[in-house]
Amino acid sequence: MTAELRFSRSDSEQSAPEPTLAQLAGMGPHALARGCAARNWAVHPLGPGRKTPVANCSRCRRPGHSHEGCACVAAGRWCHGFRAATVEPALVDRWWGSDPGLGVGVACGASGLVVIDVDVHAQPLPDRDRLLPGIPIHDDVDLRGLSNGFHTLAVLAALRGQQSPADDASTLRVRTPSGGLHIWYRAVPDGRRWHSSVGQGGGCSLAWQVDVRAHGGYIVAPGTVTPAGTYTPLEGAGDPAELPSWLADELARTGHLRTAQRAACQPAPNRARQAVIAAGGGREQATRVLAAALAEVADCAAVAEGAGFTDKLNRAAYTVGGLVAAGYLGHEAGERVLLEAAEYARPGQERRAGAIVRGGMAAGTRRPLELRSRS
């Protein structure tokens with residue numbers, strides 16, 4: 001089976017063209033993963049029939065565990081989703097050979113890709129200042145008929161005298177099962193580093209219902225099948241075109257370039273230091289444990305969905321509950337920093353986050369987290 005998926009060709013086959021993305025989309029996940037890797041796109045497995053990464057192993061799910069320095073990633077295992085992505089054919093064969101039903105995710109940053117993610121969610125129209133971040137819309141402007149990301153992206157393009165990227169036939173466009181659109185571009189190799197949107201509905205989106213997938217995020221490969229439908233490349237789809245300069249300017253304007261801005265939004269280690277009680281031994285270790293738990297939740301901001309937000313917030317809350325029970329921080333302070341991290345990662349989901357935090361902390365308080373140097 002593996003030999004049939006091999007993309008390196010013998011001398012007699014050198015004139016045979018590489019499969020197009022449309023062809024790869026119909027050849028199954030293993031061939032799709034190999035075809036993406038052959039284009040130097042770093043791939044990682046998605047759960048069978050899902051658009052989210054396969055689950056981490058039990059060790060990588062432990063509270064406070066980070067992808068940084070993780071032995072699983074170093075050993076070529078798929079824990080930590082897009083951070084484990086690869087272009088190595090042998091690793092691709094091992095992963096998808098073990099389960100041919102796995103879907104295919106593409107790590108955007110490692111692949112040099114910037115993908116515009118257009119949604120068509122049934123949501124009420126937000127305030128005018130959230131439709132096009134940073135661009136005021138006068139009260140006299142009639143907004144009737146404006147209902148999804150296709151509309152706001154078209155308005156943004158029209159304001160700049162440009163064609164909407166949703167209509168850009170020069171690049172790869174992929175229809176999503178929900179009726180949205182993924183518009184794939186190649187990042188210009190000019191030293192700039194683009195970052196994913198803060199999250200669905202977050203402050204760094206390009207427009208209302210228009211997010212960005214770049215560094216810190218992944219995209220579902222065309223041809224991936226889920227129970228909701230197939231991610232289908234539009235007719236005539238070729239490889240991604242170069243990111244238009246006007247769109248790059250808009251990304252920079254809306255905060256997708258400035259790494260300092262993103263870092264300032266995240267719960268910094270000093271939030272953990274402020275929360276930890278300044279008494280007793282083990283304070284520094286408690287600060288590190290709390291900061292790691294908060295950072296794991298905050299990292300979900302880079303991915304609009306599929307980041308394991310619920311699981312990570314629950315684990316962080318369990319850890320915080322253990323710190324509270326052991327006397328390292330107060331219950332109110334612990335709950336507050338957890339909710340701050342949750343709001344940063346998933347704005348507007350206070351009720352859901354509050355329930356997760358309360359449940360996780362309640363469970364954690366039954367097992368005090370004692371640190372070695374505490375006296």
# chains A, B, ... in the order shown; residues from 1 in each chain; ligands from 1
>>> residues_around(residues="stretch 113-129 of chain A", least_positions_apart="2", cutoff="8 Å", atoms="only C-alpha atoms", output="MDAnalysis selection string")
chainID A and resid 108:111 131:137 146:150 178:187 194 209:214 219 243
>>> residues_around(residues="A:Glu88", least_positions_apart="3", cutoff="9 Å", atoms="only C-alpha atoms", output="ChimeraX atom specification")
/A:34,37-38,42,91-93
>>> write_last_selection(atoms="C-alpha atoms", output="mmCIF file, in the first residue's frame")
data_model
loop_
_atom_site.group_PDB
_atom_site.id
_atom_site.type_symbol
_atom_site.label_atom_id
_atom_site.label_comp_id
_atom_site.auth_asym_id
_atom_site.auth_seq_id
_atom_site.Cartn_x
_atom_site.Cartn_y
_atom_site.Cartn_z
ATOM 1 C CA ARG A 34 1.969 12.770 1.480
ATOM 2 C CA ALA A 37 4.246 17.151 2.743
ATOM 3 C CA ALA A 38 5.677 17.008 -0.795
ATOM 4 C CA ALA A 42 3.884 20.417 7.628
ATOM 5 C CA LEU A 91 6.753 9.912 9.711
ATOM 6 C CA VAL A 92 3.738 10.632 7.514
ATOM 7 C CA ASP A 93 3.668 6.949 6.516
#
>>> residues_around(residues="stretch 343-347 of chain A", least_positions_apart="6", cutoff="6 Å", atoms="only C-alpha atoms", output="JSON list (two decimals) with C-alpha atoms, in the first residue's frame")
[["chain", "number", "residue", "atom", "x", "y", "z"],
["A", 298, "ALA", "CA", -4.15, 31.21, 26.85],
["A", 300, "CYS", "CA", -5.89, 28.26, 22.81],
["A", 301, "ALA", "CA", -6.37, 31.83, 21.60]]
>>> atom_distance(atom1="atom CA of A:Val289", atom2="atom CA of A:Lys312")
13.9 Å
>>> closest_residue(among="A:Gly330, A:Gly216, A:Pro89, A:Gly145", to="A:Gly112", atoms="only C-alpha atoms")
A:Gly216
>>> select_by_dssp(residues="stretch 47-251 of chain A", states="alpha helix (DSSP H)", output="ChimeraX atom specification")
/A:71-74,89-98,108-111,149-159,245-251
>>> select_by_dssp(residues="stretch 115-265 of chain A", states="strand (DSSP E or B)", output="NGL selection string")
:A and (115-118 or 173-175 or 181-186 or 195 or 207 or 210-213 or 215 or 218-220 or 225-226 or 229-230 or 232-233 or 241-242)
>>> write_last_selection(atoms="C-alpha atoms", output="JSON list (two decimals), in the first residue's frame")
[["chain", "number", "residue", "atom", "x", "y", "z"],
["A", 115, "VAL", "CA", -5.26, 31.27, 5.36],
["A", 116, "ILE", "CA", -8.26, 33.59, 5.49],
["A", 117, "ASP", "CA", -11.11, 31.76, 7.24],
["A", 118, "VAL", "CA", -14.54, 33.10, 6.23],
["A", 173, "ARG", "CA", -10.04, 28.22, -2.10],
["A", 174, "VAL", "CA", -11.69, 25.46, -0.09],
["A", 175, "ARG", "CA", -15.40, 25.29, 0.71],
["A", 181, "LEU", "CA", -14.51, 29.35, 2.80],
["A", 182, "HIS", "CA", -10.79, 28.89, 3.45],
["A", 183, "ILE", "CA", -8.67, 31.12, 1.21],
["A", 184, "TRP", "CA", -5.07, 29.92, 1.11],
["A", 185, "TYR", "CA", -2.09, 32.21, 0.43],
["A", 186, "ARG", "CA", 1.70, 31.87, 0.58],
["A", 195, "HIS", "CA", 0.01, 35.22, 13.50],
["A", 207, "ALA", "CA", -13.30, 41.38, 10.10],
["A", 210, "VAL", "CA", -13.29, 36.51, 9.18],
["A", 211, "ASP", "CA", -10.34, 34.99, 11.01],
["A", 212, "VAL", "CA", -6.75, 34.29, 10.06],
["A", 213, "ARG", "CA", -4.77, 31.05, 10.34],
["A", 215, "HIS", "CA", 1.69, 31.01, 13.01],
["A", 218, "TYR", "CA", -3.54, 25.03, 11.64],
["A", 219, "ILE", "CA", -6.01, 24.51, 8.81],
["A", 220, "VAL", "CA", -7.93, 21.45, 7.66],
["A", 225, "VAL", "CA", -14.07, 14.32, 5.33],
["A", 226, "THR", "CA", -16.13, 14.87, 8.49],
["A", 229, "GLY", "CA", -19.28, 17.08, 4.98],
["A", 230, "THR", "CA", -16.07, 17.44, 2.98],
["A", 232, "THR", "CA", -13.86, 20.73, -0.99],
["A", 233, "PRO", "CA", -11.41, 22.67, -3.19],
["A", 241, "ALA", "CA", -0.90, 32.32, -4.60],
["A", 242, "GLU", "CA", 1.30, 34.90, -2.93]]
